[in-house]
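Engineer: Following this line is upload_3.cif, made up of mmCIF, N, CA and C atoms:
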data_upload
#
loop_
_atom_site.label_atom_id
_atom_site.label_comp_id
_atom_site.auth_asym_id
_atom_site.auth_seq_id
_atom_site.Cartn_x
_atom_site.Cartn_y
_atom_site.Cartn_z
N ALA B 1 -20.77 -11.05 -5.31
CA ALA B 1 -21.83 -11.61 -4.49
C ALA B 1 -21.30 -12.04 -3.12
N THR B 2 -20.08 -12.57 -3.11
CA THR B 2 -19.51 -13.03 -1.84
C THR B 2 -19.32 -11.88 -0.87
N LYS B 3 -18.85 -10.74 -1.37
CA LYS B 3 -18.64 -9.58 -0.50
C LYS B 3 -19.95 -9.12 0.14
N HIS B 4 -21.02 -9.15 -0.63
CA HIS B 4 -22.32 -8.76 -0.07
C HIS B 4 -22.80 -9.80 0.94
N ALA B 5 -22.49 -11.06 0.71
CA ALA B 5 -22.88 -12.11 1.66
C ALA B 5 -22.15 -11.93 2.99
N VAL B 6 -20.86 -11.59 2.93
CA VAL B 6 -20.09 -11.37 4.16
C VAL B 6 -20.64 -10.15 4.90
N LYS B 7 -21.00 -9.12 4.17
CA LYS B 7 -21.58 -7.93 4.81
C LYS B 7 -22.90 -8.29 5.50
N GLY B 8 -23.73 -9.09 4.84
CA GLY B 8 -24.99 -9.53 5.45
C GLY B 8 -24.74 -10.38 6.68
N LEU B 9 -23.75 -11.25 6.61
CA LEU B 9 -23.40 -12.09 7.76
C LEU B 9 -22.93 -11.24 8.93
N THR B 10 -22.15 -10.21 8.64
CA THR B 10 -21.68 -9.30 9.68
C THR B 10 -22.86 -8.59 10.35
N LYS B 11 -23.78 -8.09 9.55
CA LYS B 11 -24.96 -7.41 10.11
C LYS B 11 -25.80 -8.37 10.96
N THR B 12 -26.03 -9.56 10.44
CA THR B 12 -26.83 -10.55 11.16
C THR B 12 -26.17 -10.95 12.47
N ALA B 13 -24.86 -11.21 12.43
CA ALA B 13 -24.14 -11.59 13.64
C ALA B 13 -24.15 -10.46 14.66
N SER B 14 -24.08 -9.22 14.18
CA SER B 14 -24.14 -8.06 15.08
C SER B 14 -25.49 -8.00 15.79
N LEU B 15 -26.55 -8.19 15.03
CA LEU B 15 -27.88 -8.15 15.63
C LEU B 15 -28.13 -9.33 16.57
N ASP B 16 -27.75 -10.53 16.14
CA ASP B 16 -27.95 -11.72 16.96
C ASP B 16 -27.08 -11.70 18.21
N GLY B 17 -25.88 -11.14 18.11
CA GLY B 17 -24.97 -11.13 19.24
C GLY B 17 -25.20 -10.00 20.22
N ARG B 18 -26.02 -9.04 19.83
CA ARG B 18 -26.25 -7.86 20.67
C ARG B 18 -26.69 -8.22 22.09
N ARG B 19 -27.63 -9.14 22.22
CA ARG B 19 -28.15 -9.48 23.55
C ARG B 19 -27.10 -10.19 24.42
N TYR B 20 -26.05 -10.72 23.77
CA TYR B 20 -24.97 -11.40 24.50
C TYR B 20 -23.73 -10.53 24.65
N HIS B 21 -23.85 -9.26 24.30
CA HIS B 21 -22.76 -8.29 24.37
C HIS B 21 -21.58 -8.69 23.48
N ILE B 22 -21.90 -9.22 22.30
CA ILE B 22 -20.89 -9.61 21.33
C ILE B 22 -20.82 -8.52 20.25
N ALA B 23 -19.66 -7.95 20.08
CA ALA B 23 -19.44 -6.93 19.05
C ALA B 23 -18.85 -7.61 17.82
N VAL B 24 -19.37 -7.29 16.66
CA VAL B 24 -18.91 -7.88 15.41
C VAL B 24 -18.46 -6.76 14.48
N GLY B 25 -17.31 -6.93 13.86
CA GLY B 25 -16.81 -5.93 12.93
C GLY B 25 -16.23 -6.60 11.70
N GLN B 26 -16.19 -5.86 10.61
CA GLN B 26 -15.69 -6.36 9.33
C GLN B 26 -14.69 -5.37 8.77
N ILE B 27 -13.56 -5.87 8.28
CA ILE B 27 -12.58 -5.02 7.62
C ILE B 27 -12.46 -5.48 6.17
N ASP B 28 -12.72 -4.58 5.25
CA ASP B 28 -12.51 -4.84 3.83
C ASP B 28 -11.14 -4.28 3.49
N VAL B 29 -10.21 -5.16 3.17
CA VAL B 29 -8.82 -4.75 2.94
C VAL B 29 -8.55 -4.63 1.45
N GLY B 30 -7.98 -3.51 1.09
CA GLY B 30 -7.58 -3.29 -0.30
C GLY B 30 -6.20 -3.87 -0.56
N ASN B 31 -5.46 -3.25 -1.45
CA ASN B 31 -4.15 -3.76 -1.86
C ASN B 31 -3.09 -3.53 -0.79
N ALA B 32 -2.85 -4.54 0.01
CA ALA B 32 -1.78 -4.49 1.01
C ALA B 32 -0.55 -5.18 0.42
N ALA B 33 0.61 -4.65 0.70
CA ALA B 33 1.86 -5.18 0.15
C ALA B 33 2.20 -6.53 0.77
N THR B 34 1.73 -7.57 0.12
CA THR B 34 2.02 -8.96 0.50
C THR B 34 2.51 -9.68 -0.75
N PRO B 35 3.11 -10.85 -0.59
CA PRO B 35 3.54 -11.59 -1.79
C PRO B 35 2.38 -11.84 -2.77
N LEU B 36 1.18 -12.04 -2.26
CA LEU B 36 0.04 -12.29 -3.12
C LEU B 36 -0.34 -11.05 -3.95
N ALA B 37 -0.22 -9.88 -3.36
CA ALA B 37 -0.66 -8.65 -4.04
C ALA B 37 0.46 -7.90 -4.75
N ASN B 38 1.70 -8.31 -4.60
CA ASN B 38 2.81 -7.58 -5.21
C ASN B 38 2.68 -7.46 -6.73
N ARG B 39 2.00 -8.39 -7.37
CA ARG B 39 1.80 -8.31 -8.82
C ARG B 39 0.99 -7.07 -9.21
N MET B 40 0.19 -6.56 -8.28
CA MET B 40 -0.63 -5.37 -8.56
C MET B 40 0.24 -4.15 -8.87
N ALA B 41 1.38 -4.05 -8.21
CA ALA B 41 2.28 -2.91 -8.44
C ALA B 41 2.87 -2.94 -9.85
N LYS B 42 2.95 -4.12 -10.44
CA LYS B 42 3.50 -4.27 -11.79
C LYS B 42 2.45 -3.99 -12.87
N GLY B 43 1.19 -4.15 -12.51
CA GLY B 43 0.10 -3.90 -13.45
C GLY B 43 -0.85 -5.07 -13.55
N VAL B 44 -2.14 -4.77 -13.42
CA VAL B 44 -3.18 -5.79 -13.52
C VAL B 44 -4.29 -5.28 -14.44
N LEU B 45 -5.03 -6.20 -14.98
CA LEU B 45 -6.12 -5.87 -15.89
C LEU B 45 -7.21 -5.11 -15.16
N GLN B 46 -7.65 -4.00 -15.73
CA GLN B 46 -8.71 -3.17 -15.17
C GLN B 46 -10.02 -3.47 -15.89
N ALA B 47 -11.12 -2.98 -15.34
CA ALA B 47 -12.44 -3.22 -15.92
C ALA B 47 -12.57 -2.67 -17.34
N ASN B 48 -11.81 -1.61 -17.63
CA ASN B 48 -11.90 -1.02 -18.97
C ASN B 48 -10.99 -1.71 -19.99
N GLY B 49 -10.33 -2.81 -19.59
CA GLY B 49 -9.49 -3.57 -20.49
C GLY B 49 -8.02 -3.18 -20.48
N GLU B 50 -7.68 -2.08 -19.83
CA GLU B 50 -6.28 -1.65 -19.74
C GLU B 50 -5.57 -2.38 -18.62
N THR B 51 -4.27 -2.50 -18.75
CA THR B 51 -3.44 -3.03 -17.67
C THR B 51 -2.73 -1.85 -17.03
N LYS B 52 -2.95 -1.65 -15.74
CA LYS B 52 -2.37 -0.53 -15.01
C LYS B 52 -1.84 -1.00 -13.66
N PRO B 53 -0.75 -0.37 -13.20
CA PRO B 53 -0.29 -0.68 -11.84
C PRO B 53 -1.27 -0.09 -10.83
N GLU B 54 -1.38 -0.77 -9.69
CA GLU B 54 -2.23 -0.27 -8.61
C GLU B 54 -1.37 -0.03 -7.37
N PRO B 55 -1.71 0.98 -6.59
CA PRO B 55 -0.93 1.28 -5.39
C PRO B 55 -1.12 0.21 -4.32
N LEU B 56 -0.11 0.06 -3.49
CA LEU B 56 -0.15 -0.86 -2.35
C LEU B 56 0.07 -0.07 -1.07
N MET B 57 -0.52 -0.57 0.02
CA MET B 57 -0.26 0.03 1.33
C MET B 57 0.54 -0.97 2.17
N ASP B 58 1.19 -0.48 3.17
CA ASP B 58 1.97 -1.33 4.06
C ASP B 58 1.04 -2.29 4.79
N VAL B 59 1.35 -3.57 4.75
CA VAL B 59 0.51 -4.59 5.38
C VAL B 59 0.45 -4.39 6.90
N ALA B 60 1.44 -3.73 7.48
CA ALA B 60 1.42 -3.46 8.93
C ALA B 60 0.22 -2.60 9.32
N ILE B 61 -0.24 -1.76 8.41
CA ILE B 61 -1.42 -0.93 8.67
C ILE B 61 -2.65 -1.81 8.89
N VAL B 62 -2.73 -2.90 8.15
CA VAL B 62 -3.85 -3.84 8.32
C VAL B 62 -3.82 -4.43 9.73
N GLY B 63 -2.65 -4.88 10.14
CA GLY B 63 -2.50 -5.43 11.48
C GLY B 63 -2.84 -4.42 12.56
N GLN B 64 -2.41 -3.19 12.38
CA GLN B 64 -2.71 -2.13 13.35
C GLN B 64 -4.21 -1.87 13.42
N SER B 65 -4.88 -1.95 12.29
CA SER B 65 -6.33 -1.72 12.26
C SER B 65 -7.09 -2.83 12.98
N VAL B 66 -6.66 -4.07 12.76
CA VAL B 66 -7.28 -5.20 13.46
C VAL B 66 -7.07 -5.04 14.96
N LEU B 67 -5.86 -4.70 15.35
CA LEU B 67 -5.54 -4.51 16.77
C LEU B 67 -6.37 -3.38 17.37
N TYR B 68 -6.52 -2.29 16.62
CA TYR B 68 -7.35 -1.17 17.09
C TYR B 68 -8.78 -1.63 17.39
N MET B 69 -9.36 -2.36 16.43
CA MET B 69 -10.74 -2.82 16.62
C MET B 69 -10.85 -3.79 17.80
N ALA B 70 -9.87 -4.66 17.93
CA ALA B 70 -9.90 -5.65 19.01
C ALA B 70 -9.73 -5.01 20.39
N ASN B 71 -9.06 -3.88 20.45
CA ASN B 71 -8.80 -3.23 21.73
C ASN B 71 -9.85 -2.21 22.14
N LEU B 72 -10.87 -2.03 21.33
CA LEU B 72 -11.93 -1.09 21.71
C LEU B 72 -12.65 -1.59 22.96
N PRO B 73 -13.10 -0.68 23.81
CA PRO B 73 -13.89 -1.11 24.96
C PRO B 73 -15.22 -1.69 24.50
N LEU B 74 -15.86 -2.45 25.36
CA LEU B 74 -17.10 -3.13 24.99
C LEU B 74 -18.25 -2.17 24.67
N ASP B 75 -18.12 -0.90 25.02
CA ASP B 75 -19.19 0.05 24.71
C ASP B 75 -18.94 0.79 23.39
N ALA B 76 -17.99 0.31 22.57
CA ALA B 76 -17.71 0.90 21.26
C ALA B 76 -17.40 -0.20 20.27
N ASN B 77 -17.72 0.05 19.00
CA ASN B 77 -17.48 -0.96 17.96
C ASN B 77 -17.33 -0.27 16.61
N VAL B 78 -16.40 -0.77 15.82
CA VAL B 78 -16.31 -0.38 14.41
C VAL B 78 -16.98 -1.52 13.65
N GLN B 79 -18.15 -1.26 13.11
CA GLN B 79 -18.88 -2.33 12.43
C GLN B 79 -18.29 -2.63 11.06
N PHE B 80 -17.98 -1.60 10.29
CA PHE B 80 -17.41 -1.78 8.96
C PHE B 80 -16.25 -0.82 8.76
N MET B 81 -15.16 -1.33 8.21
CA MET B 81 -14.01 -0.49 7.89
C MET B 81 -13.49 -0.90 6.52
N SER B 82 -13.35 0.08 5.63
CA SER B 82 -12.70 -0.16 4.34
C SER B 82 -11.32 0.44 4.43
N LEU B 83 -10.32 -0.38 4.25
CA LEU B 83 -8.94 0.03 4.40
C LEU B 83 -8.22 -0.17 3.07
N LEU B 84 -7.85 0.92 2.42
CA LEU B 84 -7.24 0.81 1.10
C LEU B 84 -6.35 2.00 0.83
N PRO B 85 -5.40 1.84 -0.10
CA PRO B 85 -4.59 2.99 -0.50
C PRO B 85 -5.50 4.06 -1.11
N PRO B 86 -5.26 5.33 -0.83
CA PRO B 86 -6.14 6.39 -1.32
C PRO B 86 -6.35 6.42 -2.83
N LYS B 87 -5.36 6.00 -3.59
CA LYS B 87 -5.49 6.04 -5.05
C LYS B 87 -5.92 4.71 -5.65
N MET B 88 -6.29 3.76 -4.79
CA MET B 88 -6.73 2.46 -5.29
C MET B 88 -8.11 2.57 -5.92
N PRO B 89 -8.29 2.06 -7.14
CA PRO B 89 -9.57 2.22 -7.82
C PRO B 89 -10.69 1.32 -7.27
N ALA B 90 -10.36 0.24 -6.56
CA ALA B 90 -11.39 -0.69 -6.08
C ALA B 90 -12.31 -0.03 -5.07
N PHE B 91 -13.49 -0.54 -4.93
CA PHE B 91 -14.53 -0.06 -4.03
C PHE B 91 -15.13 1.26 -4.49
N ILE B 92 -14.31 2.17 -4.97
CA ILE B 92 -14.78 3.49 -5.37
C ILE B 92 -15.23 3.45 -6.82
N GLY B 93 -14.54 2.72 -7.64
CA GLY B 93 -14.87 2.59 -9.05
C GLY B 93 -13.64 2.24 -9.85
N ARG B 94 -13.68 1.14 -10.54
CA ARG B 94 -12.51 0.71 -11.30
C ARG B 94 -12.45 1.38 -12.67
N GLY B 95 -11.24 1.33 -13.25
CA GLY B 95 -11.04 1.76 -14.62
C GLY B 95 -10.74 3.22 -14.78
#
Starting from the coordinates I provided, produce the structure as structure tokens.

Structural biologist:
Amino acid sequence: ATKHAVKGLTKTASLDGRRYHIAVGQIDVGNAATPLANRMAKGVLQANGETKPEPLMDVAIVGQSVLYMANLPLDANVQFMSLLPPKMPAFIGRG
């Protein structure tokens, strides 16, 4: 529910900010290799009840993506970006 609320907030802020030339974007980040997510590589519980390792991507890619969006000219905007390892089951379908 929280993810959908953030998406709605992003859409609303985009519409409300349009007249003030404010661009709003959202990045949904998958498993980036950070101390918090490193346990995923060892194996985490999946929706089907199995414990499986999940792939991680380099956290520097997340930073590069944020920088890319921030450096866009004012006449362009990435409204939504899903950034995840290609074999990550989240967002596409778990289990």

Engineer: What does the PyMOL selection byres ((chain B and resi 41) around 7) select in this file, as a ChimeraX atom specification?

Structural biologist: /B:37-40,42-44,52-56

Engineer: Between atom CA of B:Pro86 and atom CA of B:Leu9, what is the spacing in Å?

Structural biologist: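 These atoms are spaced 26.9 Å apart.
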
Engineer: What's the separation between atom N of B:Phe80 and atom CA of B:Ala33, in Å to one decimal place?

Structural biologist: 22.6 Å

Engineer: Report the distance between atom C of B:Ala5 and atom CA of B:Leu74 in Å, rounded to one decimal place.

Structural biologist: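 A separation of 24.2 Å between them.
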
Engineer: Pull out every residue that the PyMOL selection byres ((chain B and resi 83) around 8) matches in the shown coordinates and put them as a list in words.

Structural biologist: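 Applying the expression gives Ile27, Asp28, Val29, Gly30, Asn31, Ala32, Ile61, Val62, Phe80, Met81, Ser82, Leu84, Pro85 and Pro86 of chain B.
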
Engineer: May I have all residues of chain B that DSSP, computed from the backbone, assigns to strand (DSSP E), given as a VMD selection string?

Structural biologist: chain B and resid 26 to 29 44 to 45 51 to 52 80 to 83

Engineer: Of the candidates B:Gly17, B:Pro35, B:Gly25, B:Gly49, which shows the shortest atom-to-atom distance to B:Val66, using only C-alpha atoms?

Structural biologist: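 Of all the options, B:Gly25 lies closest to B:Val66.
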
Engineer: Mind filling out stretch 34-46 of chain B with N, CA, C and O atoms and sending it as an mmCIF file, in the frame of the given file?

Structural biologist:
data_model
loop_
_atom_site.group_PDB
_atom_site.id
_atom_site.type_symbol
_atom_site.label_atom_id
_atom_site.label_comp_id
_atom_site.auth_asym_id
_atom_site.auth_seq_id
_atom_site.Cartn_x
_atom_site.Cartn_y
_atom_site.Cartn_z
ATOM 1 N N THR B 34 1.730 -7.570 0.120
ATOM 2 C CA THR B 34 2.020 -8.960 0.500
ATOM 3 C C THR B 34 2.510 -9.680 -0.750
ATOM 4 O O THR B 34 2.311 -9.181 -1.867
ATOM 5 N N PRO B 35 3.110 -10.850 -0.590
ATOM 6 C CA PRO B 35 3.540 -11.590 -1.790
ATOM 7 C C PRO B 35 2.380 -11.840 -2.770
ATOM 8 O O PRO B 35 2.584 -11.818 -3.985
ATOM 9 N N LEU B 36 1.180 -12.040 -2.260
ATOM 10 C CA LEU B 36 0.040 -12.290 -3.120
ATOM 11 C C LEU B 36 -0.340 -11.050 -3.950
ATOM 12 O O LEU B 36 -0.739 -11.170 -5.106
ATOM 13 N N ALA B 37 -0.220 -9.880 -3.360
ATOM 14 C CA ALA B 37 -0.660 -8.650 -4.040
ATOM 15 C C ALA B 37 0.460 -7.900 -4.750
ATOM 16 O O ALA B 37 0.181 -6.936 -5.462
ATOM 17 N N ASN B 38 1.700 -8.310 -4.600
ATOM 18 C CA ASN B 38 2.810 -7.580 -5.210
ATOM 19 C C ASN B 38 2.680 -7.460 -6.730
ATOM 20 O O ASN B 38 3.171 -6.505 -7.317
ATOM 21 N N ARG B 39 2.000 -8.390 -7.370
ATOM 22 C CA ARG B 39 1.800 -8.310 -8.820
ATOM 23 C C ARG B 39 0.990 -7.070 -9.210
ATOM 24 O O ARG B 39 1.099 -6.571 -10.325
ATOM 25 N N MET B 40 0.190 -6.560 -8.280
ATOM 26 C CA MET B 40 -0.630 -5.370 -8.560
ATOM 27 C C MET B 40 0.240 -4.150 -8.870
ATOM 28 O O MET B 40 -0.132 -3.317 -9.679
ATOM 29 N N ALA B 41 1.380 -4.050 -8.210
ATOM 30 C CA ALA B 41 2.280 -2.910 -8.440
ATOM 31 C C ALA B 41 2.870 -2.940 -9.850
ATOM 32 O O ALA B 41 3.224 -1.900 -10.393
ATOM 33 N N LYS B 42 2.950 -4.120 -10.440
ATOM 34 C CA LYS B 42 3.500 -4.270 -11.790
ATOM 35 C C LYS B 42 2.450 -3.990 -12.870
ATOM 36 O O LYS B 42 2.768 -3.666 -13.985
ATOM 37 N N GLY B 43 1.190 -4.150 -12.510
ATOM 38 C CA GLY B 43 0.100 -3.900 -13.450
ATOM 39 C C GLY B 43 -0.850 -5.070 -13.550
ATOM 40 O O GLY B 43 -0.420 -6.205 -13.710
ATOM 41 N N VAL B 44 -2.140 -4.770 -13.420
ATOM 42 C CA VAL B 44 -3.180 -5.790 -13.520
ATOM 43 C C VAL B 44 -4.290 -5.280 -14.440
ATOM 44 O O VAL B 44 -4.479 -4.082 -14.623
ATOM 45 N N LEU B 45 -5.030 -6.200 -14.980
ATOM 46 C CA LEU B 45 -6.120 -5.870 -15.890
ATOM 47 C C LEU B 45 -7.210 -5.110 -15.160
ATOM 48 O O LEU B 45 -7.673 -5.513 -14.087
ATOM 49 N N GLN B 46 -7.650 -4.000 -15.730
ATOM 50 C CA GLN B 46 -8.710 -3.170 -15.170
ATOM 51 C C GLN B 46 -10.020 -3.470 -15.890
ATOM 52 O O GLN B 46 -10.041 -4.118 -16.928
#
